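Source file: query32.cif; contents: mmCIF, C-alpha atoms.
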data_structure
loop_
_atom_site.label_atom_id
_atom_site.label_comp_id
_atom_site.auth_asym_id
_atom_site.auth_seq_id
_atom_site.Cartn_x
_atom_site.Cartn_y
_atom_site.Cartn_z
CA MET A 30 34.78 27.83 10.42
CA PRO A 31 32.15 25.47 11.89
CA SER A 32 30.94 22.71 9.60
CA ALA A 33 27.38 22.83 8.30
CA PRO A 34 24.89 20.53 10.07
CA PRO A 35 24.19 17.30 8.20
CA PHE A 36 21.16 17.15 5.95
CA ARG A 37 18.11 15.26 7.18
CA ALA A 38 15.04 13.87 5.46
CA PRO A 39 12.39 16.60 5.00
CA SER A 40 9.80 16.93 7.74
CA GLY A 41 7.03 14.39 7.31
CA THR A 42 9.16 11.93 5.32
CA HIS A 43 11.27 8.99 6.40
CA ASP A 44 13.92 6.60 5.13
CA VAL A 45 13.25 2.87 4.96
CA LEU A 46 16.50 0.99 5.51
CA PRO A 47 17.43 -2.69 5.53
CA PRO A 48 16.38 -4.94 7.16
CA GLU A 49 13.02 -3.13 7.57
CA SER A 50 12.82 -2.69 3.80
CA ALA A 51 12.65 -6.49 3.47
CA ARG A 52 9.18 -6.31 5.04
CA TRP A 53 8.13 -3.80 2.37
CA GLN A 54 9.37 -6.19 -0.31
CA ALA A 55 7.44 -9.06 1.24
CA LEU A 56 4.25 -7.01 1.57
CA VAL A 57 4.34 -5.71 -2.01
CA GLY A 58 5.30 -9.18 -3.27
CA ARG A 59 2.29 -10.81 -1.65
CA PHE A 60 0.00 -8.10 -2.99
CA ALA A 61 1.45 -8.49 -6.49
CA ALA A 62 0.89 -12.25 -6.34
CA LEU A 63 -2.74 -11.91 -5.20
CA ALA A 64 -3.50 -9.22 -7.79
CA GLY A 65 -1.82 -11.27 -10.53
CA GLN A 66 -3.93 -14.32 -9.67
CA ALA A 67 -7.03 -12.17 -10.16
CA GLY A 68 -5.89 -10.88 -13.56
CA TYR A 69 -4.52 -7.46 -12.57
CA GLY A 70 -1.42 -6.05 -14.28
CA LEU A 71 1.04 -3.52 -12.87
CA VAL A 72 0.61 0.13 -13.88
CA VAL A 73 3.36 2.71 -13.22
CA ASN A 74 2.34 6.37 -13.40
CA PRO A 75 4.36 9.60 -13.01
CA VAL A 76 4.61 10.95 -9.47
CA PHE A 77 3.50 14.36 -10.78
CA GLU A 78 0.64 15.28 -13.09
CA ASP A 79 -0.90 18.35 -14.65
CA LEU A 80 -2.47 20.26 -11.77
CA GLY A 81 -5.83 20.11 -13.53
CA VAL A 82 -6.03 16.32 -13.16
CA PHE A 83 -6.51 16.63 -9.41
CA GLN A 84 -8.37 19.92 -9.42
CA ARG A 85 -11.02 18.51 -11.71
CA VAL A 86 -11.70 15.40 -9.61
CA GLY A 87 -11.49 16.90 -6.13
CA GLU A 88 -11.69 20.69 -6.22
CA GLY A 89 -13.87 20.90 -3.11
CA THR A 90 -11.86 18.49 -0.97
CA ASP A 91 -9.29 19.33 1.71
CA VAL A 92 -6.78 17.13 -0.11
CA VAL A 93 -6.83 19.42 -3.14
CA ARG A 94 -7.53 22.76 -1.40
CA LYS A 95 -5.10 22.47 1.52
CA GLU A 96 -2.81 19.47 1.24
CA MET A 97 -1.65 19.13 -2.36
CA TYR A 98 1.92 19.96 -3.36
CA ALA A 99 1.34 22.26 -6.37
CA PHE A 100 4.07 24.11 -8.27
CA GLU A 101 5.15 25.46 -11.64
CA ASP A 102 8.03 23.82 -13.47
CA ARG A 103 10.71 25.83 -15.26
CA GLY A 104 8.52 26.04 -18.32
CA GLY A 105 5.70 27.62 -16.33
CA ARG A 106 3.49 24.53 -16.48
CA PRO A 107 1.23 24.02 -13.41
CA LEU A 108 1.96 20.61 -11.91
CA ALA A 109 1.16 18.73 -8.70
CA LEU A 110 2.69 15.81 -6.86
CA ARG A 111 0.22 12.93 -6.82
CA PRO A 112 -1.91 13.04 -3.61
CA GLU A 113 -3.60 9.70 -4.37
CA GLY A 114 -3.49 7.00 -7.01
CA THR A 115 -6.88 6.81 -8.69
CA ALA A 116 -6.83 10.07 -10.68
CA SER A 117 -3.48 9.23 -12.28
CA VAL A 118 -4.66 5.77 -13.32
CA VAL A 119 -7.85 7.22 -14.80
CA ARG A 120 -5.86 9.88 -16.66
CA ALA A 121 -3.70 7.08 -18.13
CA TYR A 122 -6.85 5.22 -19.20
CA VAL A 123 -8.25 8.30 -20.93
CA GLN A 124 -4.92 8.89 -22.68
CA HIS A 125 -4.19 5.33 -23.84
CA ARG A 126 -7.69 3.77 -24.08
CA PRO A 127 -6.77 0.14 -23.20
CA THR A 128 -9.28 -2.67 -23.72
CA THR A 129 -11.89 -2.91 -20.99
CA PRO A 130 -12.36 -4.19 -18.42
CA TRP A 131 -8.96 -2.74 -17.57
CA LYS A 132 -7.69 -4.27 -14.32
CA VAL A 133 -4.48 -2.80 -12.88
CA TRP A 134 -2.59 -2.58 -9.59
CA TYR A 135 0.06 -0.16 -8.36
CA ALA A 136 2.51 0.42 -5.52
CA ALA A 137 3.54 4.06 -5.43
CA PRO A 138 4.29 7.11 -3.25
CA SER A 139 1.67 9.78 -2.63
CA PHE A 140 2.23 13.29 -1.29
CA ARG A 141 0.08 15.39 1.04
CA TYR A 142 1.04 18.44 3.05
CA GLU A 143 -0.65 17.49 6.31
CA ARG A 144 0.34 16.99 9.90
CA PRO A 145 2.28 13.71 10.08
CA GLN A 146 0.40 11.00 11.96
CA ALA A 147 1.07 7.42 12.97
CA GLY A 148 1.68 5.55 9.73
CA ARG A 149 0.88 8.59 7.57
CA TYR A 150 3.67 10.80 6.33
CA ARG A 151 3.76 13.70 3.89
CA GLN A 152 5.26 11.21 1.50
CA HIS A 153 3.44 7.96 2.15
CA HIS A 154 3.06 4.87 0.02
CA GLN A 155 -0.02 3.14 -1.28
CA LEU A 156 -0.95 -0.19 -2.76
CA GLY A 157 -4.01 -0.02 -4.94
CA VAL A 158 -6.12 -1.55 -7.68
CA GLU A 159 -8.44 -0.01 -10.24
CA VAL A 160 -10.96 -1.67 -12.56
CA LEU A 161 -12.30 0.43 -15.42
CA GLY A 162 -15.07 -0.53 -17.83
CA SER A 163 -17.54 -2.63 -15.84
CA VAL A 164 -20.62 -1.62 -13.87
CA ASP A 165 -21.15 -5.18 -12.58
CA ALA A 166 -21.59 -5.31 -8.80
CA ASP A 167 -19.52 -8.51 -8.76
CA VAL A 168 -16.51 -6.35 -9.66
CA ASP A 169 -17.14 -4.40 -6.46
CA VAL A 170 -17.11 -7.71 -4.57
CA GLU A 171 -13.87 -8.79 -6.26
CA VAL A 172 -12.12 -5.56 -5.34
CA VAL A 173 -13.22 -5.66 -1.69
CA VAL A 174 -12.31 -9.34 -1.31
CA LEU A 175 -8.88 -8.76 -2.86
CA ALA A 176 -8.05 -6.26 -0.11
CA ALA A 177 -9.41 -8.60 2.56
CA GLU A 178 -7.31 -11.46 1.17
CA LEU A 179 -4.16 -9.35 1.45
CA PHE A 180 -4.76 -8.69 5.14
CA GLY A 181 -5.32 -12.39 5.72
CA ALA A 182 -2.19 -13.35 3.77
CA LEU A 183 -0.13 -11.03 5.95
CA GLY A 184 -1.59 -12.45 9.17
CA VAL A 185 -3.55 -9.30 10.05
CA ARG A 186 -6.77 -10.70 11.54
CA ARG A 187 -8.24 -7.89 13.62
CA VAL A 188 -9.77 -6.00 10.71
CA THR A 189 -13.28 -4.57 10.31
CA LEU A 190 -14.94 -3.60 7.04
CA ALA A 191 -17.35 -0.64 6.87
CA LEU A 192 -19.65 -0.58 3.83
CA ASN A 193 -21.99 2.03 2.36
CA SER A 194 -23.59 3.16 -0.87
CA MET A 195 -23.53 6.80 -1.97
CA GLY A 196 -26.11 6.34 -4.71
CA ASP A 197 -25.73 7.95 -8.12
CA ASP A 198 -26.90 10.97 -10.10
CA ALA A 199 -30.46 9.66 -10.04
CA CYS A 200 -30.89 9.48 -6.27
CA ARG A 201 -28.05 11.32 -4.57
CA PRO A 202 -29.14 14.91 -5.39
CA GLY A 203 -32.46 14.36 -3.62
CA TYR A 204 -30.72 12.88 -0.61
CA VAL A 205 -28.18 15.71 -0.45
CA ALA A 206 -31.04 18.24 -0.45
CA LEU A 207 -32.72 16.33 2.36
CA LEU A 208 -29.49 16.19 4.35
CA GLY A 209 -28.87 19.88 3.71
CA ALA A 210 -32.28 20.78 5.12
CA PHE A 211 -31.55 18.65 8.18
CA LEU A 212 -28.22 20.44 8.74
CA ASP A 213 -29.71 23.91 8.18
CA GLU A 214 -31.73 23.42 11.36
CA ARG A 215 -28.57 22.49 13.29
CA THR A 216 -25.93 24.83 11.87
CA ASP A 217 -25.11 26.33 15.27
CA GLN A 218 -24.39 22.83 16.63
CA LEU A 219 -21.70 22.04 14.03
CA CYS A 220 -17.95 22.53 14.38
CA ALA A 221 -16.54 25.89 13.29
CA GLU A 222 -15.37 24.61 9.89
CA HIS A 223 -18.69 23.06 8.91
CA ARG A 224 -20.79 25.97 10.08
CA GLN A 225 -19.27 27.78 7.11
CA ARG A 226 -19.29 24.91 4.59
CA ALA A 227 -22.25 22.68 5.43
CA GLY A 228 -24.42 24.36 2.80
CA GLU A 229 -21.83 23.77 0.07
CA GLN A 230 -20.99 20.14 0.90
CA PRO A 231 -23.46 18.52 3.29
CA LEU A 232 -21.93 15.06 2.83
CA ARG A 233 -18.62 16.27 4.27
CA VAL A 234 -20.32 16.90 7.61
CA LEU A 235 -21.12 13.19 7.92
CA ASP A 236 -17.41 12.40 7.61
CA CYS A 237 -16.33 14.93 10.27
CA LYS A 238 -14.72 13.29 13.31
CA ARG A 239 -15.29 16.21 15.71
CA THR A 240 -17.68 15.61 18.59
CA GLU A 241 -19.96 18.54 17.70
CA CYS A 242 -20.66 17.26 14.19
CA ARG A 243 -20.99 13.66 15.37
CA GLU A 244 -23.66 14.63 17.87
CA ALA A 245 -25.47 17.02 15.54
CA THR A 246 -25.74 14.36 12.79
CA ALA A 247 -26.67 11.43 15.03
CA GLY A 248 -30.22 11.41 13.67
CA ALA A 249 -29.41 12.46 10.11
CA PRO A 250 -31.21 10.75 7.21
CA ARG A 251 -29.27 7.84 5.67
CA MET A 252 -28.38 7.52 2.02
CA LEU A 253 -29.16 3.81 2.23
CA ASP A 254 -32.81 4.66 2.90
CA HIS A 255 -33.05 6.83 -0.22
CA LEU A 256 -31.37 4.73 -2.93
CA CYS A 257 -33.08 4.48 -6.29
CA THR A 258 -34.16 1.05 -7.52
CA ALA A 259 -30.98 0.49 -9.59
CA CYS A 260 -28.60 1.54 -6.81
CA ASP A 261 -30.50 -0.52 -4.25
CA ALA A 262 -30.26 -3.62 -6.48
CA HIS A 263 -26.54 -2.99 -7.04
CA PHE A 264 -25.85 -2.69 -3.32
CA ARG A 265 -27.87 -5.83 -2.53
CA ARG A 266 -25.76 -7.75 -5.06
CA VAL A 267 -22.57 -6.48 -3.42
CA ARG A 268 -23.78 -7.55 0.01
CA ASP A 269 -24.88 -10.95 -1.30
CA GLY A 270 -21.44 -11.49 -2.82
CA LEU A 271 -19.59 -10.59 0.36
CA ASP A 272 -21.89 -12.85 2.36
CA ALA A 273 -21.31 -15.74 -0.06
CA LEU A 274 -17.52 -15.37 0.19
CA GLY A 275 -17.50 -15.08 3.97
CA ILE A 276 -16.43 -11.44 4.21
CA GLY A 277 -17.96 -9.78 7.27
CA TYR A 278 -18.92 -6.10 7.17
CA GLN A 279 -20.84 -3.39 8.98
CA LEU A 280 -23.14 -0.89 7.30
CA GLU A 281 -21.87 2.63 7.98
CA SER A 282 -24.01 5.51 6.75
CA ARG A 283 -21.29 8.09 7.57
CA LEU A 284 -18.81 6.52 5.15
CA VAL A 285 -18.55 9.03 2.30
CA ARG A 286 -14.76 8.82 1.73
CA GLY A 287 -12.54 11.83 1.03
CA PHE A 288 -13.11 12.57 -2.65
CA ASP A 289 -16.14 13.86 -4.52
CA TYR A 290 -15.91 11.32 -7.32
CA TYR A 291 -17.31 8.30 -5.44
CA THR A 292 -20.67 6.78 -6.45
CA ARG A 293 -22.54 3.76 -5.18
CA THR A 294 -20.30 1.33 -3.24
CA THR A 295 -17.85 2.82 -0.73
CA PHE A 296 -15.87 0.82 1.81
CA GLU A 297 -13.14 1.20 4.40
CA PHE A 298 -11.01 -1.28 6.36
CA ALA A 299 -9.87 -0.51 9.90
CA ALA A 300 -7.30 -2.36 12.03
CA THR A 301 -8.77 -2.66 15.51
CA ALA A 302 -5.35 -3.57 16.90
CA LEU A 303 -4.37 0.09 16.34
CA GLU A 304 -5.60 2.55 18.93
CA GLY A 305 -7.43 5.80 18.32
CA ALA A 306 -8.97 7.28 15.21
CA GLN A 307 -5.92 6.63 13.03
CA ASN A 308 -6.66 2.96 12.43
CA ALA A 309 -7.89 3.07 8.82
CA ILE A 310 -5.61 0.90 6.70
CA GLY A 311 -7.36 1.12 3.34
CA GLY A 312 -10.54 1.82 1.47
CA GLY A 313 -12.10 2.89 -1.76
CA GLY A 314 -15.23 2.74 -3.82
CA ARG A 315 -16.93 3.08 -7.16
CA TYR A 316 -16.44 6.20 -9.31
CA ASP A 317 -18.63 5.84 -12.38
CA GLY A 318 -18.34 9.47 -13.54
CA LEU A 319 -14.63 10.10 -13.07
CA VAL A 320 -13.46 9.11 -16.56
CA GLU A 321 -15.86 11.65 -18.06
CA GLU A 322 -14.57 14.32 -15.67
CA LEU A 323 -11.09 13.78 -17.15
CA GLY A 324 -12.27 14.00 -20.74
CA GLY A 325 -12.94 10.35 -21.54
CA PRO A 326 -16.07 8.50 -22.63
CA PRO A 327 -18.61 7.29 -20.04
CA THR A 328 -16.74 4.48 -18.28
CA PRO A 329 -17.55 3.00 -14.87
CA GLY A 330 -14.74 2.29 -12.42
CA ILE A 331 -13.91 1.09 -8.93
CA GLY A 332 -10.75 0.74 -6.87
CA PHE A 333 -9.05 1.00 -3.50
CA GLY A 334 -5.90 2.31 -1.86
CA ILE A 335 -4.06 0.74 1.09
CA GLY A 336 -1.45 2.69 3.06
CA ILE A 337 1.73 0.61 3.36
CA GLU A 338 3.05 2.41 6.45
CA ARG A 339 -0.26 2.12 8.31
CA LEU A 340 -0.64 -1.54 7.31
CA LEU A 341 2.84 -2.31 8.64
CA LEU A 342 1.82 -0.76 11.97
CA ALA A 343 -1.15 -3.15 12.02
CA CYS A 344 1.25 -6.01 11.30
CA ASP A 345 3.40 -4.92 14.25
CA ALA A 346 0.38 -4.71 16.54
CA GLU A 347 -0.49 -8.34 15.77
CA GLY A 348 3.05 -9.71 15.50
CA ALA A 349 2.59 -10.39 11.77
CA LEU A 350 5.08 -10.10 8.88
CA ARG A 351 8.14 -10.22 11.13
CA LEU A 352 11.59 -9.21 9.97
CA PRO A 353 13.42 -12.06 8.19
CA GLU A 354 16.08 -13.75 10.30
CA ALA A 355 18.54 -13.79 7.43
CA THR A 356 18.95 -12.13 4.05
CA VAL A 357 21.43 -14.69 2.67
CA ASP A 358 21.83 -18.45 2.92
CA VAL A 359 25.61 -18.68 2.51
CA TRP A 360 28.53 -16.49 3.57
CA VAL A 361 31.81 -16.96 1.72
CA VAL A 362 34.91 -16.52 3.91
CA ASP A 363 38.17 -15.99 2.02
CA ALA A 364 41.48 -15.70 3.92
CA VAL A 365 43.67 -15.86 0.83
CA GLY A 366 43.14 -12.54 -0.94
CA GLY A 367 39.49 -12.32 -1.97
CA ALA A 368 39.52 -13.84 -5.45
CA ALA A 369 38.02 -17.11 -4.22
CA ALA A 370 35.20 -15.25 -2.48
CA ARG A 371 34.55 -13.25 -5.63
CA ASP A 372 34.27 -16.34 -7.82
CA LEU A 373 32.43 -18.60 -5.39
CA SER A 374 29.83 -16.04 -4.38
CA TRP A 375 28.88 -15.45 -8.01
CA SER A 376 28.81 -19.18 -8.78
CA LEU A 377 26.36 -19.65 -5.91
CA ARG A 378 24.20 -16.69 -6.93
CA ARG A 379 24.00 -17.92 -10.52
CA ALA A 380 22.73 -21.22 -9.15
CA GLY A 381 19.95 -19.40 -7.28
CA VAL A 382 21.61 -19.40 -3.83
CA ALA A 383 21.61 -16.15 -1.84
CA ALA A 384 25.27 -15.56 -0.98
CA ASP A 385 27.40 -12.72 0.36
CA ARG A 386 31.02 -12.08 1.38
CA ALA A 387 33.29 -9.60 3.14
CA PHE A 388 35.54 -7.07 1.42
CA ASP A 389 38.71 -5.11 2.22
CA GLU A 390 40.79 -8.21 3.13
CA ARG A 391 39.41 -8.58 6.63
CA SER A 392 40.90 -11.16 8.95
CA LEU A 393 39.49 -14.68 9.11
CA ARG A 394 38.12 -13.97 12.58
CA ALA A 395 36.40 -10.76 11.45
CA GLN A 396 34.87 -12.54 8.45
CA MET A 397 33.50 -15.34 10.62
CA LYS A 398 31.86 -12.75 12.89
CA LEU A 399 30.19 -11.20 9.84
CA ALA A 400 29.08 -14.64 8.68
CA ASP A 401 27.46 -15.37 12.04
CA ARG A 402 25.84 -11.91 12.21
CA SER A 403 24.37 -12.31 8.71
CA GLY A 404 22.10 -15.15 9.80
CA ALA A 405 23.40 -17.37 6.98
CA ARG A 406 23.00 -21.10 7.47
CA LEU A 407 26.33 -22.05 5.89
CA ALA A 408 29.84 -20.63 5.66
CA VAL A 409 32.03 -21.51 2.70
CA ILE A 410 35.61 -21.10 3.95
CA VAL A 411 38.74 -20.85 1.83
CA GLY A 412 42.06 -20.73 3.71
CA ALA A 413 45.61 -21.53 2.66
CA ASP A 414 45.11 -25.29 3.09
CA GLU A 415 41.88 -25.32 1.12
CA GLN A 416 43.39 -23.26 -1.66
CA ALA A 417 46.36 -25.64 -1.94
CA SER A 418 44.14 -28.74 -2.08
CA GLY A 419 41.47 -27.35 -4.37
CA THR A 420 38.79 -27.70 -1.71
CA VAL A 421 36.62 -25.54 0.53
CA SER A 422 35.38 -26.07 4.08
CA LEU A 423 31.61 -26.03 4.53
CA ARG A 424 30.59 -25.12 8.07
CA GLN A 425 27.01 -25.21 9.31
CA LEU A 426 26.38 -22.02 11.29
CA ARG A 427 22.92 -22.93 12.59
CA GLY A 428 22.59 -26.24 14.47
CA ASN A 429 24.51 -29.50 14.07
CA ASP A 430 27.13 -28.17 16.52
CA GLY A 431 28.95 -26.32 13.77
CA ALA A 432 29.53 -29.44 11.68
CA GLN A 433 32.22 -28.93 9.03
CA GLU A 434 33.26 -30.89 5.95
CA LEU A 435 35.74 -30.58 3.11
CA VAL A 436 34.31 -30.42 -0.40
CA ALA A 437 36.06 -30.31 -3.75
CA ARG A 438 35.95 -26.85 -5.30
CA ASP A 439 33.96 -28.04 -8.32
CA ARG A 440 31.37 -29.67 -6.03
CA VAL A 441 30.69 -26.66 -3.83
CA VAL A 442 27.51 -25.44 -5.52
CA ALA A 443 25.91 -28.89 -5.68
CA ARG A 444 26.77 -29.69 -2.02
CA VAL A 445 25.50 -26.32 -0.79
CA ARG A 446 22.18 -26.86 -2.53
CA GLU A 447 21.91 -30.33 -0.97
CA LEU A 448 22.53 -28.97 2.52
CA LEU A 449 20.11 -26.07 2.10
CA ALA A 450 17.42 -28.40 0.80
#

Structure translated into structure tokens:
Amino acid sequence: MPSAPPFRAPSGTHDVLPPESARWQALVGRFAALAGQAGYGLVVNPVFEDLGVFQRVGEGTDVVRKEMYAFEDRGGRPLALRPEGTASVVRAYVQHRPTTPWKVWYAAPSFRYERPQAGRYRQHHQLGVEVLGSVDADVDVEVVVLAAELFGALGVRRVTLALNSMGDDACRPGYVALLGAFLDERTDQLCAEHRQRAGEQPLRVLDCKRTECREATAGAPRMLDHLCTACDAHFRRVRDGLDALGIGYQLESRLVRGFDYYTRTTFEFAATALEGAQNAIGGGGRYDGLVEELGGPPTPGIGFGIGIERLLLACDAEGALRLPEATVDVWVVDAVGGAAARDLSWSLRRAGVAADRAFDERSLRAQMKLADRSGARLAVIVGADEQASGTVSLRQLRGNDGAQELVARDRVVARVRELLA
């Protein structure tokens, strides 16, 4: 009977294995440090929510209508895998009512049933921040600059920032009516999808990447020209803040983002080192009515999401965030049964030294090959002579022509730390 074929990761997903996973750790670690310096705390939400959480905040979007993984659990409850991070964070705010301003960051998987693209999988991963409870335009500036600082910390320099304002309930309805009238005269020029839907969601036409819609909307009215006094003042403050902190940007009237909940400031970062249309590496905006949509009190908010996979592609394109040369500093080689390696490796680790060893009683030669392959700077060697004399041999594996010295067993940790320093 032929054996069954081996299982593989589901289509549109991928495994991240060492040493590549070390880059993920480094990326998330740098983001956590930057967010922590700015007063953001980590929030961890479930990967699935009540289906209504996402339906309420994005019912008319393609993400919710076409791409969301929705299902019933065994109790018949309608649930959905999280397609993005903001709605889950807002749901947690409504449920727990933390003190505002509530500033949080996350690193979590998101799920969308869409055609896999470069750096975007059906299960992809996002870094993000959310600030709830402040309408201050300086919060918008802080959020945008935090993302820009991450790119700089990673060494990703070829990044552009697109900026827009979508107004609010006072000025956007009038603009949408104006845009709708403009599109009504050009319906036959739009792509097939938006010929059917332009009347329902005129703003979505601005975001369409197809040539027909791009050409038809080339002369469309701009939201920026129709902001109310309050929204105009807010946007000017955002621009002043970015200018003061040296963050370059371009005004982009087509930038409406993918969800209906955005108000006022919207922004998107693109990595110009990546070719084609799939070069967006992160973005977000203000969503001052979303908390109310999920049953909470009126509470302003703003945040962003950054795709980890896409950002790593941008790092590759610029030669940034390279793989580490080594994962350990010391390799313990034990030719006398393994007990010495067991004890010494843990003594080193408890002293804060990254150390590893071989198992399964491999030969001395095989262990030395593993030590060299590991990238470790030092080998701690215990053979029959060393065991008899209560010593170990310390060999430098990188430079110094393989210099070697004998060290008393009770001095190993101290001497290793001296050499590594």

**OP:** Name all residues at most 12 Å from Phe180 (chain A) (count only C-alpha atoms; drop same-chain ones fewer than 3 positions away) and give them as an MDAnalysis selection string.
**Re:** chainID A and resid 56:57 59:60 63 173:177 183:190 298:300 310:311 335 337 340:341 343:344 347 349:350

**OP:** Compile the contact shell of Val76 (chain A) as a PyMOL selection string: residues with an atom at most 12 Å away, counting only C-alpha atoms, same-chain residues fewer than 6 positions apart removed.
**Re:** chain A and resi 98+108-114+116-118+136-140+152+154

Subject >> Residue neighbourhood region 381-392 of chain A, 9 Å, all atoms listed in the file, exclusion window fewer than 3 positions, as a ChimeraX atom specification >> reply: /A:356-367,370-371,373-378,395-397,399-400,403,405,442,445-446

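CA of Glu304 (chain A) is found 21.8 Å from CA of Leu235 (chain A).
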
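Note that the spacing between CA of Phe296 (chain A) and CA of Tyr135 (chain A) amounts to 18.9 Å.
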
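Every residue that the PyMOL selection byres ((chain A and resi 147-150) around 7) selects in this file is listed here: A:Gly41, A:Thr42, A:Pro145, A:Gln146, A:Arg151, A:Gln152, A:His153, A:Glu338, A:Arg339, A:Leu342.
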